[in-house]
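Undergrad: Here's a structure for you.
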Amino acid sequence: MDKTDIAAVFDTLAVLLELRGDNPFKIRAYQNAARSLETMPEDLGVLIAENRLTGVRGIGKDLAERIIELRDTGRCVMLEELRASVPPGLIAMLDIPGLGPKKVKALHAELGVDTIAGLQTACEAGRVAELKGFGAKTQEKILSGIRNREAYAMRHLRPVALAVAMPILDGLRALPGVTHAEAAGSLRRRMETVGDLDFLVATDSPAPVMDWFCAQHGVREVTAKGETKSSVRFESGLQADLRVVPAAQFHYALHHFTGSKEHNVAMRRRALDRGLSLSEWGLTPVELGVEAPPVAQSEAELFASLGLPWIAPELREGMGELELAESGKLPNLVSVQDLRGAFHNHTTASDGRHSLEEMTAAAAALGWEYLGIADHSKSSFQANGLYEDRLRRQIADIRKLNASGRFPCHVFAGSEVDILKDGTLDYADDLLGELDYVVASVHNAFTLEESEMTARLIRALEHPAVTMLGHLTGRLLLRREPYKLNAAKVIDAAIANGKIIELNANPHRLDMDWRLWIHAAERGLMTSINPDAHETAGLEHVAFGVDAARKGRLEARHVFNCLPLAEVRRRLGR
DNA sequence: GCCGTTTTCGGCCCGACTGTTTTCAGTCG
């Protein structure tokens with residue numbers, strides 16, 4: 001088993017322990033360890049061999065043993081025992097809104113319910129409402145949750161969430177008496193997917209704001225409406241929360257509702273170390289002799305009260321950002337304005353919607369100094385990949401376009417070359433040598449064993465003609481899982497061979513994942529933030545790539561397409 | 001189950017809202 005598999009086992013263990021009513025801190029220990037494993041830069045085998053596993057934050061003696069057991073045998077005695085004692089249907093019940101471990105346990109103990117279907121029957125028969133601690137409303141809520149559980153559990157791509165959120169945010173800002181309004185939560189943290197929307201408003205008269213929010217177009221259900229918080233559910237299943245606070249608390253609340261949960265836990269712990277308690281309402285002394293800091297007029301002042309510089313929201317994932325801030329090592333994050341071009345773009349020659357000229361004009365309109373064209377290679381016949389003669393014609397067309405001086409934007413002639421099943425490339429070396437650069441990508445044989453896929457990618461990286469690796473894992477967010485590979489080894493090979501790994505900016509991909517970039521860039525790996533544009537409008541997807549790059553702590557110096565044209569030419573050296 | 005110059009035990013973030021209760025437990029983020 002690899003790190004990701006073991007992290008998944010720990011998450012399962014945490015859920016099972018919860019259902020058993022185990023110690024909440026023990027449960028959190030398993031969850032923390034799972035997060036640690038997911039984001040750990042080193043190879044698990046190396047850590048175990050060098051006996052350094054317990055040096056990882058959140059992993060102590062017991063969890064280290066469990067990790068070694070899982071890695072060596074693929075099994076875990078504790079997991080098997082827990083599974084035997086908890087019916088699998090109980091885990092599924094936890095996804096129903098309003099049902100937590102306590103209620104699920106009670107349903108199982110009192111009614112013998114151990115499947116969602118059984119729970120539905122019990123609700124319809126009115127037996128749930130008769131239980132102690134339950135009632136008619138709870139029963140009705142459970143039924144509704146069962147009917148809608150697919151829609152409710154759905155996450156949403158960032159652009160989809162933005163499209164819903166922005167009009168609401170504009171509306172909130174336009175309301176009389178509203179002095180501040182922001183979208184917080186994972187949207188503000190620039191996460192690649194969003195579960196629900198969080199809005200925050202500062203005003204002295206909350207009631208009309210709450211009423212406006214709950215009466216929004218498309219709201220199917222108001223699931224909570226209190227003095228400072230309302231929750232609604234849209235027809236699409238998307239949930240949105242609104243919090244309303246007085247202006248003096250706004251920046252504390254904004255920080256709080258931006259999260260992440262893990263970041264907030266770390267911040268509150270830091271506050272307690274200083275004799276202060278941090279909540280969405282402010283910083284208050286909890287120890288004698290500690291003075292309350294002045295009310296923060298900005299998030300920066302809040303951080304300053306705890307001795308830290310402002311931490312950008314996209315870094316607030318509880319992944320060591322406080323330590324980074326403390327030591328003055330916060331990155332100077334890359335921005336869209338730093339980009340001077342992009343590689344990996346398609347035209348009508350393969351499966352794009354716009355011509356070479358149209359794509360170049362669009363890049364010039366964005367102010368880019370250069371544009372890389374990388375249409376599909378011949379094996380990607382599903383995408384109308386180019387045979388050798390067509391690619392040679394395209395190269396000639398590009399040279400001619402550059403010579404014409406029609407656009408203030410240089411075009412690089414590249415190709416998105418398929419990495420074949422054995423790791424060889426889809427064109428012969430002489431043709432590859434005629435190109436300015438090569439993006440090497442996997443488009444078939446996704447189901448290889450991890451070791452085979454890893455070797456395949458490494459072989460491609462070792463080919464001298466390859467400039468960069470396209471979409472590392474082939475994942476499609478919310479649709480297709482990444483193919484199996486050892487990312488650490490591929491990253492090592494890219495660094496060793498001086499190759500780039502792209503950050504594919506298509507909002508469905510955002511591949512390679514930002515979590516991997518945090519350590520990869522530190523070790524010298526460069527990226528290219530590539531839109532993978534199939535039409536002119538697609539070029540602007542680089543913004544989503546920049547969002548992910550910022551989460552991965554990347555600076556302009558880590559990004560190949562932040563380099564000026566002359567330097568790119570020099571490095572491509574062809 | 002982890003962690004530690006308040007260290008080997010006793011902590012472990014904090015508050016809103018709902019529904020079911022007569023003062024609070026459970027869920028959620």
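Just remember, in the structure tokens the first chain shown is A, the second B, etc., residues are 1-based per chain, and ligands are 1-based in the order shown.
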Just need the residues of chain B within 9 Å of chain A, counting only C-alpha atoms (C1' of nucleotides), so spit them out as a PyMOL selection string.
TA: chain B and resi 1-3+12-21+25-29
Undergrad: According to DSSP computed on the backbone, where in range 276-394 of chain A is there strand (DSSP E or B)? Give the residues as a ChimeraX atom specification.
TA: /A:276-279,282-285,333,341-342,345,370-377,386
Undergrad: Go through range 146-232 of chain A and collect every residue that DSSP, computed from the backbone, puts in alpha helix (DSSP H); the answer should be as a PyMOL selection string.
TA: chain A and resi 146-147+149-153+158-174+185-188+206-214
Undergrad: Expressed in Å to a single decimal, how great is the separation between CA of Thr360 in chain A and CA of Leu391 in chain A?
TA: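 So the answer is 17.6 Å.
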Undergrad: Distance CA of Leu386 in chain A-CA of Gly352 in chain A, one decimal place?
TA: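 Rounded to one decimal, the two atoms are 12.3 Å apart.
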Undergrad: Residues at most 6 Å from range 552-568 of chain A, counting only C-alpha atoms (C1' of nucleotides), excluding those fewer than 3 positions away in the same chain, as a PyMOL selection string?
TA: chain A and resi 332-334+338-342+514-515+517-518+526-528+549+571
Undergrad: Could the residues in this selection be written to a file with C-alpha atoms, as a short mmCIF file (atom, residue, chain, number, x, y, z; two decimals), in the first residue's frame?
TA:
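The result, stored in selection.cif:
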```cif
data_model
loop_
_atom_site.label_atom_id
_atom_site.label_comp_id
_atom_site.auth_asym_id
_atom_site.auth_seq_id
_atom_site.Cartn_x
_atom_site.Cartn_y
_atom_site.Cartn_z
CA ASN A 332 6.03 35.85 -2.85
CA LEU A 333 3.20 34.13 -4.72
CA VAL A 334 3.01 34.08 -8.51
CA ASP A 338 3.60 37.52 -14.02
CA LEU A 339 2.74 35.23 -16.95
CA ARG A 340 4.26 36.19 -20.30
CA GLY A 341 2.86 33.36 -22.37
CA ALA A 342 1.81 29.72 -22.18
CA TRP A 514 -0.88 21.83 -5.65
CA ARG A 515 -0.23 19.59 -2.65
CA TRP A 517 4.04 21.36 -5.63
CA ILE A 518 4.65 22.52 -2.05
CA MET A 526 9.96 24.06 -12.39
CA THR A 527 6.45 24.21 -13.72
CA SER A 528 4.74 25.74 -16.71
CA ALA A 549 0.11 27.36 -8.14
CA ARG A 571 16.54 27.74 -22.57
#
```
Undergrad: Using Å and a single decimal, report how far CA of Leu17 in chain A sits from CA of Ala117 in chain A.
TA: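 CA of Leu17 in chain A lies 23.2 Å from CA of Ala117 in chain A.
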